[in-house]
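A.B. asks: Dropping a structure here in structure tokens format, bear with me for questions.
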Amino acid sequence: MTTYTPEVTGSGFRASVQRVGGYLASMVMPNIGAFIAWGLITALFIPTGWLPNEHIAQLVGPMIKILLPLLIGYTGGRLVHGQRGAVVGAVATMGIVIGADVPMFLGAMLIGPLTAYILKLWDGLIENRIRPGFEMLVDNFSAGIIGGAMAIGGLYGIGPVVQWLTRQAGHGVDWLVGHDVLPLTSIVVEPAKVLFLNNAINHGVLGPLGVAEAAEKGKSVLFMIESNPGPGLGLLLAFFLFGPRSLRPSVPAAIIVQFLGGIHEIYFPYVLMKPKLILAMICGGAAGVGTFMITGAGLVATPSPGSIFAYMAVTPKGGYFGVLLGIVIAAAVTFAVASVLLGFGRGEPAEEAIGPDEETVVNPEEAANVAAKLSRQEA
């Protein structure tokens with residue numbers, strides 16, 4: 001298993017949160033290429049994209065609602081119980097994605113590992129108790145029964161729970177907006193975004209409210225609460241400079257997809273792997289919203305996708321200063337807070353080289369090739 005966060009020691013609340021975040025990251029980060037593929041297709045081919053194509057855009061919905069949750073459920077199951085766990089994790093995930101109105105990333109993170117763990121308990125229970133010749137039969141049927149049962153359970157259990165959480169997050173944002181405390185909406189919006197509830201909040205709550213306000217005033221700040229690309233940019237820049245060295249090469253592509261393409265989902269896994277960074281996202285989001293309010297900034301429509309180019313396209317004439325300032329301040333605040341929380345990279349090793357006192361792990365195939373080469377030179 002690839003480790004995306006430093007090994008956590010201790011048993012306190014902080015250590016528990018770090019372990020959970022690291023485990024969630026281990027389910028998502030191996031599939032980051034799939035997120036980038038989806039993000040590029042979305043940014044390019046949806047009706048508001050750079051190269052609108054109705055036929056190609058048909059990939060967008062199935063990829064985010066089915067493919068990506070399945071990959072997460074598969075990976076989560078594999079972490080718990082190898083290939084058998086991966087298979088049942090994917091099967092169970094299908095139960096929660098069918099009929100769901102929102103992408104079930106959070107549900108996949110729950111049901112994939114849970115199903116694999118149940119299968120692992122079952123395998124431990126029947127180990128060395130099956131008659132010779134019946135092992136494969138029992139293994140296949142047990143995986144099928146457990147995976148199928150969990151898929152049905154997810155359809156009627158976990159799926160509705162995630163839908164309920166989505167609605168509650170929307171109600172929370174609606175209440176904050178109604179009480180004119182817009183910067184505080186980041187306390188709800190930013191954690192909800194990281195759990196992939198961003199579209200439900202933006203299009204289900206903030207979008208309709210923003211349309212009503214824009215119809216009356218000609219613009220609305222509500223369009224910019226969730227879609228501001230500044231906090232994501234600030235976080236990714238902090239990761240690029242101070243994050244785990246093994247992940248830094250993936251950041252430039254993520255910045256392109258997030259800031260220029262407007263696909264914010266690409267940075268969510270980076271927050272999940274270090275949950276304390278949600279504080280940076282909240283601070284940056286609140287700073288951006290506060291700046292928008294002070295400068296009187298607003299957009300005439302929802303920027304879709306939430307890229308810097310989409311922002312410029314729906315900014316009213318003469319309103320660019322406030323919009324750009326809010327994005328820059330949100331990015332700067334997020335970058336500053338995230339850099340502090342990452343310790344300015346002090347916890348990262350200076351280089352990946354193995355020191356003289358450490359054991360060297362040798363690849364057997366590579367060693368054989370080197371030995372053969374040396375033997376030919378001697379001959």
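The way I read the labels, and the way they are meant: chains A, B, ... in the order of the structure tokens, residue 1 as the first residue of every chain, and ligand 1 as the first ligand shown, with later ones counted on from there.
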Skipping near chain neighbours, those fewer than 3 positions away, what residues fall within 8 Å of Leu241 of chain A using only C-alpha atoms, listed as a list in words?

C.D. replies: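 The residues satisfying every condition are Leu237, Ala238, Arg248, Phe344 and Gly345 of chain A.
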
A.B. asks: Report, in Å to a single decimal, how far apart atom CA of Trp122 of chain A and atom CA of Val28 of chain A are.

C.D. replies: 26.3 Å

A.B. asks: Need to verify the contact set: segment 152-158 of chain A, 7 Å, only C-alpha atoms, exclusion of same-chain residues closer than 3 positions in sequence. Can you return it as number ranges by chain?

C.D. replies: A: 92, 95-96, 107, 148-149, 161-162

A.B. asks: With only C-alpha atoms as the basis for distance, which of A:Pro244, A:Gly306, A:Gly326, A:Gly159 is at the shortest distance from Val289 of chain A?

C.D. replies: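 So, comparing all the options, the nearest one is A:Gly326.
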
A.B. asks: Counting only C-alpha atoms, which of A:Leu206, A:Asp139, A:Leu299, A:Thr334 gets nearest to Pro316 of chain A?

C.D. replies: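 Comparing A:Leu206, A:Asp139, A:Leu299, A:Thr334 against Pro316 of chain A, the winner is A:Leu299.
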
A.B. asks: Figure out the distance between atom CA of Val328 of chain A and atom CA of Gly243 of chain A, please, to one decimal in Å.

C.D. replies: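 So the answer is 21.1 Å.
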
A.B. asks: For Ala332 of chain A, which residue among A:Met136, A:Val300, A:Leu68, A:Cys283 is the nearest when counting only C-alpha atoms?

C.D. replies: A:Cys283

A.B. asks: Taking 6 positions as the minimum chain separation for residues in the same chain, which residues sit within 12 Å of Trp175 of chain A when counting only C-alpha atoms? Answer as a list in words.

C.D. replies: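 These residues fall inside the cut-off: Gln168, Ala169, Val181, Leu182, Leu184, Thr185, Val188, Val205, Leu206 and Leu209 of chain A.
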
A.B. asks: Could you write out, as a PyMOL selection string, all the residues of segment 102-280 of chain A that DSSP marks as helix (DSSP H, G or I)?

C.D. replies: chain A and resi 105-126+135-178+182-194+198-217+221-224+230-242+248-260+264-273+275-280
